[in-house]
Every structure is written in C-alpha cells, then in structure tokens.
Amino acid sequence: MHEMSLCEGILQILENESAKQNFTKVKKVALEIGPLSGVEIDALKFSFDVVMKGSLAEGSELIIIEMPATAWCMQCAETVTIEQRYDDCPVCGSAQLQVTAGEELSIKELEVD
Amino acid sequence: MCTVCGCSSGNLKIDGESKDHMLDQPHDHSHSHSHNHGHSHDHPHSHDHDHSHDHDHDHSHDHIHHDDHTHDYGKGPAHAHAPGLSQARMVQIEQNILSKNDEYASANRAFFNERGILALNLVSSPGSGKTTTLCRTINELKDKHACSVIEGDQQTANDAERIRETGVKAIQVNTGKGCHLDGHMVGHALGSLNPEEGSFVFIENVGNLVCPASFDLGEAHKVVILSVTEGEDKPLKYPDMFHAADLMLLNKVDLLPHIEFDVEQTIENARRVNPGIKVLQISSTTGEGYSDWINWLEATLALATTGHSFKTENSPSHTKLDVSAVGE
C-alpha cells in the first residue's frame, strides 16, 4: 500500500526539479528498483498513473529498471546474485552472505519538455 | 492533499484534529534540498562497466575524471541512458524516492539528538501486544524517566487514551487511509508533544509488518514485537521489517506451555534476515523478561544522553539539572 506514498514522493521530486531545471512537462520517468526495496512494481505502476493525474507528469511513461540483488559470499569470496534477503549462496549453499545491492529505490532520469 | 509537499492526503489527524494544512503549526516547505551526491558506489562486481554506471554527476554531463579515478564510464550512444529514453531532453536526477521522507526524518533525528532523547519506533503486526507492552514498560520506567508516546493508528484515539491512563503524555496520530507513520507526521506530533530532554519517546507505529520498514521516522532504533501466537516464520515472511529492526521482543512467552511454538527456530529465522538482531523474550502480562528489556532501554538511553549537560539518572523526571554547574 505504500506505493501510493512513494508515487507522491516521486511527484514532489518532479515538481522540485521542474522549477530548478526549467521544464514544464515530464514525458518519461525512469526508476531504478531493487528487489529488496520492498516495492511491489505492479502496485507502483498502478499508483503512478493515479497520482500523476492532473500534474506535470500526467500520462507520462513509467520505465522501471529492475536492479539485481547481489551479496558477497564469505565462503566463495565472490559476489553472487540473490532473490531474497535470506537466500543462501546459490553456489556453495553458505548462509554467510552480506547483501551488497538490491535496495535501490530511486529516480534515475527523466525525459522532459 | 497538500500540493506542495503531498503530505498525506485526506484523513490525517493528530489527536482528532485534521492536519491538512490549516493549523497554525509551522509547516515548513522550504527544505533546503541539499542534494546529496555522495552515492555509495557499490562496486561488488569486478569493475565490469559495460552497464550504465550510476555516477554522481547529476545535472551536467561533465565527465571530467580525475587522475585518481580512471574508470571508463558510460561510453557509447546516449551516454548509457536508461533503455527506452531518447536523448531528446534528458534530466538525470538520481534521487532516492524516499528522500523527502528522509529529510523530515533527519529533522526529527536532529531534534532528538539535540535534546538527548531516545526515540524508538515500535513495529509489529496488529495484535502482537504493542500497546500492552508499552503500558507495562512505561509503568516500570516512569518513576525514573520522563516518557512520552506518539501513537499511530488508522482510526480511533483508543491507544493514546490507554497510554494516558499510565500518566504520561501521549498523542494520537490517525493516518486515515495510510498504512504507516512517516517522518512528516511524527514531526508534527513532536511539535505538540514537546518531549523533555533526556526522555524516552516511544513511537507506536501502525500495526503492519510491511510499510513501516521503509519509512524512517528519525528514531534511534526500530524495535519489532513478535508474539508467540503468530508463527515461527514471520521473520521470513516479512524480511524487510526484521532486517530493519535492531531488537526483537518475543512477546507472550507466558503462553508457550499451551501452544506449539519453536522459539529457537524463530530466533534462527530472525537472524537469517538480520544477523545482528538482538532478541529478548518477554511477557507483557506477567512481566517475565522485563528486567532485560528495561536494562536495554536504560543503557540505550544512557547512550542517547551521553554528551548532554543534563542527567536523567536518579534525578526526578521533568527536571533539568543546573547546567551551569556542569558547564557547556
């Protein structure tokens, strides 16, 4: 449910940036989202359209760049890809993993007029 | 909804009063947006830069790399922009979506730090005994320490009333349709609550193991409460919350003889998502385990008050020591 608040956060950022960087219309919004960010992407897409209605980003296209979640495996001494926070190492099965990426939740770039 | 800051649409109420921008409370929108460009460069991979690199050049494309920094970033067409975006007019902003909330949370954290206040964000699913735990905890603390409470619920002021029966200050925030407290709501509540220096501020979040994990309120620690009637796999089902918490209170342990619940398994599951989490077993009905919990609270408060020119130990709450005697 907090995807709605996240979209309100996105809109605030767009509004701030439009004043700073001198644009009046947002056509595309690219977000980077990691699997450990706690965001349900479908819910985010749904909320995005609703929240952007009547704003400078009404009808804009939402582009989601799904980032991989990775962890450092102490046993393998290598970076491995994981799906969830409590996954074991997909290579050696060790639970000694330190999550190194996957919490991304940011606006990367915009296409504007 | 506030069109400036988007502060929670509709039904946000603090102690029954609607907070939709009409109160005399200061509602400062002029946050001086200090673009933090210091992205932590996650370089887990072995410098394989064929993908677009999240470099911290925001507004300009000046790729002037210093000698000590000789990676080749984003060569190629369109400067390795996100797929689907043309070069038409690109604006790179690289901003965390939660940055607005984080600004409010930082302001709250500064408020707490300046006053040597220990703020704890209590999170759990509904019915795990948050309010009962809070009432008992306050009863054990209140003779020695000042306490105050921010209660978050979708509706009703019942919980704040339960807390006020213990004799401490409490303020109810009704989130309306919202599923979590955010930094902005807590900032508003702090304005009315006016907690003492060197005191405890307990923030009882909305009963929800999902959303509150993402929203920093400015607290020193998140404390997650899990009751033994809920099932051993809760930490695995809601890993974000157990990952975000520093302490887990395993509540209702007085019921253990009557139910099937594997304490060890639960703790193992919690450590799986958060190897550093501390676990205390308590019963808010019988008081079992409370000495450890109170010790943790007092030790953590001692850290929060360290360096402040007032003391809370052995001094009556609400009273500041003469700071001139201690010196600045």
# chains A, B, ... in the order shown; residues from 1 in each chain; ligands from 1

$ residues_around --residues "Lys53 in chain A" --least-positions-apart "5" --cutoff "12 Å" --atoms "only C-alpha atoms" --output "VMD selection string"
chain A and resid 7 to 8 11 46 to 48 58 to 60

$ write_last_selection --atoms "all heavy atoms" --output "mmCIF file, in the first residue's frame"
data_model
loop_
_atom_site.group_PDB
_atom_site.id
_atom_site.type_symbol
_atom_site.label_atom_id
_atom_site.label_comp_id
_atom_site.auth_asym_id
_atom_site.auth_seq_id
_atom_site.Cartn_x
_atom_site.Cartn_y
_atom_site.Cartn_z
ATOM 1 N N CYS A 7 4.729 7.215 -4.809
ATOM 2 C CA CYS A 7 4.431 7.996 -6.010
ATOM 3 C C CYS A 7 4.245 9.467 -5.663
ATOM 4 O O CYS A 7 4.629 10.341 -6.442
ATOM 5 C CB CYS A 7 3.182 7.441 -6.698
ATOM 6 S SG CYS A 7 3.540 5.880 -7.517
ATOM 7 N N GLU A 8 3.678 9.730 -4.506
ATOM 8 C CA GLU A 8 3.571 11.134 -4.095
ATOM 9 C C GLU A 8 4.961 11.720 -3.896
ATOM 10 O O GLU A 8 5.220 12.876 -4.215
ATOM 11 C CB GLU A 8 2.705 11.255 -2.840
ATOM 12 C CG GLU A 8 1.226 11.070 -3.184
ATOM 13 C CD GLU A 8 0.304 11.064 -1.967
ATOM 14 O OE1 GLU A 8 0.790 11.291 -0.854
ATOM 15 O OE2 GLU A 8 -0.895 10.826 -2.154
ATOM 16 N N LEU A 11 6.340 12.524 -7.302
ATOM 17 C CA LEU A 11 5.740 13.753 -7.840
ATOM 18 C C LEU A 11 6.378 14.994 -7.213
ATOM 19 O O LEU A 11 6.664 15.974 -7.908
ATOM 20 C CB LEU A 11 4.221 13.733 -7.612
ATOM 21 C CG LEU A 11 3.444 14.931 -8.148
ATOM 22 C CD1 LEU A 11 3.706 15.139 -9.634
ATOM 23 C CD2 LEU A 11 1.946 14.760 -7.912
ATOM 24 N N PHE A 46 0.488 1.024 -10.995
ATOM 25 C CA PHE A 46 -0.911 1.408 -10.847
ATOM 26 C C PHE A 46 -1.007 2.769 -10.152
ATOM 27 O O PHE A 46 -1.681 3.678 -10.631
ATOM 28 C CB PHE A 46 -1.661 0.342 -10.049
ATOM 29 C CG PHE A 46 -3.063 0.716 -9.715
ATOM 30 C CD1 PHE A 46 -4.063 0.613 -10.666
ATOM 31 C CD2 PHE A 46 -3.392 1.195 -8.446
ATOM 32 C CE1 PHE A 46 -5.363 0.974 -10.361
ATOM 33 C CE2 PHE A 46 -4.679 1.559 -8.141
ATOM 34 C CZ PHE A 46 -5.667 1.457 -9.096
ATOM 35 N N SER A 47 -0.295 2.898 -9.035
ATOM 36 C CA SER A 47 -0.365 4.141 -8.269
ATOM 37 C C SER A 47 0.195 5.308 -9.058
ATOM 38 O O SER A 47 -0.283 6.437 -8.934
ATOM 39 C CB SER A 47 0.440 4.019 -6.970
ATOM 40 O OG SER A 47 0.099 2.861 -6.287
ATOM 41 N N PHE A 48 1.206 5.043 -9.854
ATOM 42 C CA PHE A 48 1.869 6.110 -10.600
ATOM 43 C C PHE A 48 0.868 6.864 -11.471
ATOM 44 O O PHE A 48 0.780 8.087 -11.427
ATOM 45 C CB PHE A 48 2.989 5.509 -11.457
ATOM 46 C CG PHE A 48 3.802 6.527 -12.195
ATOM 47 C CD1 PHE A 48 4.846 7.179 -11.560
ATOM 48 C CD2 PHE A 48 3.537 6.821 -13.523
ATOM 49 C CE1 PHE A 48 5.604 8.120 -12.239
ATOM 50 C CE2 PHE A 48 4.287 7.761 -14.206
ATOM 51 C CZ PHE A 48 5.324 8.410 -13.568
ATOM 52 N N GLU A 58 1.303 14.016 -15.973
ATOM 53 C CA GLU A 58 0.128 13.245 -16.354
ATOM 54 C C GLU A 58 0.398 12.529 -17.683
ATOM 55 O O GLU A 58 0.910 13.126 -18.630
ATOM 56 C CB GLU A 58 -1.099 14.153 -16.492
ATOM 57 C CG GLU A 58 -2.326 13.384 -16.978
ATOM 58 C CD GLU A 58 -3.642 14.109 -16.716
ATOM 59 O OE1 GLU A 58 -3.614 15.240 -16.197
ATOM 60 O OE2 GLU A 58 -4.687 13.514 -17.019
ATOM 61 N N GLY A 59 0.059 11.260 -17.726
ATOM 62 C CA GLY A 59 0.227 10.491 -18.944
ATOM 63 C C GLY A 59 1.662 10.114 -19.262
ATOM 64 O O GLY A 59 1.940 9.556 -20.319
ATOM 65 N N SER A 60 2.559 10.384 -18.348
ATOM 66 C CA SER A 60 3.962 10.071 -18.646
ATOM 67 C C SER A 60 4.184 8.560 -18.554
ATOM 68 O O SER A 60 3.449 7.841 -17.892
ATOM 69 C CB SER A 60 4.890 10.802 -17.678
ATOM 70 O OG SER A 60 4.616 10.413 -16.357
#

$ residues_around --residues "Val173 in chain B" --least-positions-apart "6" --cutoff "6 Å" --atoms "only C-alpha atoms" --output "ChimeraX atom specification"
/B:13-14,151-152

$ write_last_selection --atoms "N, CA, C and O atoms" --output "mmCIF file, in the first residue's frame"
data_model
loop_
_atom_site.group_PDB
_atom_site.id
_atom_site.type_symbol
_atom_site.label_atom_id
_atom_site.label_comp_id
_atom_site.auth_asym_id
_atom_site.auth_seq_id
_atom_site.Cartn_x
_atom_site.Cartn_y
_atom_site.Cartn_z
ATOM 1 N N LYS B 13 -4.983 12.785 10.911
ATOM 2 C CA LYS B 13 -5.435 13.546 12.068
ATOM 3 C C LYS B 13 -4.461 13.366 13.209
ATOM 4 O O LYS B 13 -3.979 12.272 13.433
ATOM 5 N N ILE B 14 -4.199 14.410 13.903
ATOM 6 C CA ILE B 14 -3.389 14.295 15.098
ATOM 7 C C ILE B 14 -4.276 14.673 16.255
ATOM 8 O O ILE B 14 -4.773 15.783 16.334
ATOM 9 N N GLU B 151 1.272 7.739 19.177
ATOM 10 C CA GLU B 151 0.505 6.542 18.822
ATOM 11 C C GLU B 151 0.030 6.651 17.386
ATOM 12 O O GLU B 151 -0.665 7.609 17.047
ATOM 13 N N GLY B 152 0.355 5.682 16.577
ATOM 14 C CA GLY B 152 -0.154 5.701 15.215
ATOM 15 C C GLY B 152 -1.184 4.605 15.006
ATOM 16 O O GLY B 152 -0.932 3.450 15.315
#

$ residues_around --residues "range 70-73 of chain A" --least-positions-apart "6" --cutoff "12 Å" --atoms "only C-alpha atoms" --output "number ranges by chain"
A: 34-36, 79-104; B: 42-45

$ write_last_selection --atoms "C-alpha atoms" --output "CSV table (one decimal), in the first residue's frame"
chain,number,residue,atom,x,y,z
A,34,GLY,CA,15.9,-3.4,-6.5
A,35,PRO,CA,14.1,-6.5,-5.3
A,36,LEU,CA,15.0,-5.7,-1.7
A,79,THR,CA,29.7,-11.6,-5.5
A,80,VAL,CA,26.6,-13.8,-6.1
A,81,THR,CA,23.1,-12.9,-7.2
A,82,ILE,CA,20.2,-13.5,-4.8
A,83,GLU,CA,16.5,-13.2,-4.9
A,84,GLN,CA,15.6,-12.5,-1.3
A,85,ARG,CA,17.3,-11.3,1.8
A,86,TYR,CA,17.6,-14.7,3.5
A,87,ASP,CA,18.7,-16.7,0.5
A,88,ASP,CA,21.7,-19.0,0.8
A,89,CYS,CA,24.6,-18.7,-1.6
A,90,PRO,CA,23.4,-20.2,-4.9
A,91,VAL,CA,26.9,-21.6,-5.5
A,92,CYS,CA,28.0,-23.1,-2.2
A,93,GLY,CA,24.9,-23.0,-0.1
A,94,SER,CA,26.5,-21.0,2.7
A,95,ALA,CA,24.3,-18.6,4.7
A,96,GLN,CA,27.2,-16.3,5.3
A,97,LEU,CA,26.1,-13.7,2.8
A,98,GLN,CA,26.3,-10.0,3.1
A,99,VAL,CA,23.8,-8.1,0.9
A,100,THR,CA,25.7,-5.6,-1.3
A,101,ALA,CA,23.0,-4.3,-3.6
A,102,GLY,CA,19.3,-4.6,-4.3
A,103,GLU,CA,17.7,-1.9,-2.1
A,104,GLU,CA,17.7,0.7,-4.9
B,42,ASP,CA,28.5,-0.2,-4.9
B,43,HIS,CA,31.3,-2.0,-6.6
B,44,PRO,CA,30.7,-5.5,-5.8
B,45,HIS,CA,31.4,-6.6,-9.3

$ select_by_dssp --residues "range 148-288 of chain B" --states "alpha helix (DSSP H)" --output "ChimeraX atom specification"
/B:158-164,183-193,234-237,239-244,263-273

$ interface_residues --of "chain A" --to "chain B" --cutoff "6 Å" --atoms "only C-alpha atoms" --output "list of chain:residue names"
A:His2, A:Gly9, A:Ile10, A:Arg85, A:Tyr86, A:Leu105, A:Ser106, A:Ile107, A:Lys108, A:Glu109, A:Leu110, A:Glu111, A:Val112

$ write_last_selection --atoms "C-alpha atoms" --output "compact mmCIF listing (two decimals), in the first residue's frame"
# COMPACT_ATOMS: atom_id res chain seq x y z
CA HIS A 2 2.85 2.40 0.49
CA GLY A 9 7.26 11.33 -3.24
CA ILE A 10 8.14 10.97 -6.92
CA ARG A 85 17.30 -11.32 1.83
CA TYR A 86 17.55 -14.71 3.48
CA LEU A 105 14.63 2.89 -4.93
CA SER A 106 15.45 5.99 -6.88
CA ILE A 107 14.55 8.13 -9.84
CA LYS A 108 17.32 7.77 -12.34
CA GLU A 109 16.37 10.13 -15.10
CA LEU A 110 13.56 11.92 -16.87
CA GLU A 111 12.62 12.84 -20.37
CA VAL A 112 11.10 16.29 -20.28
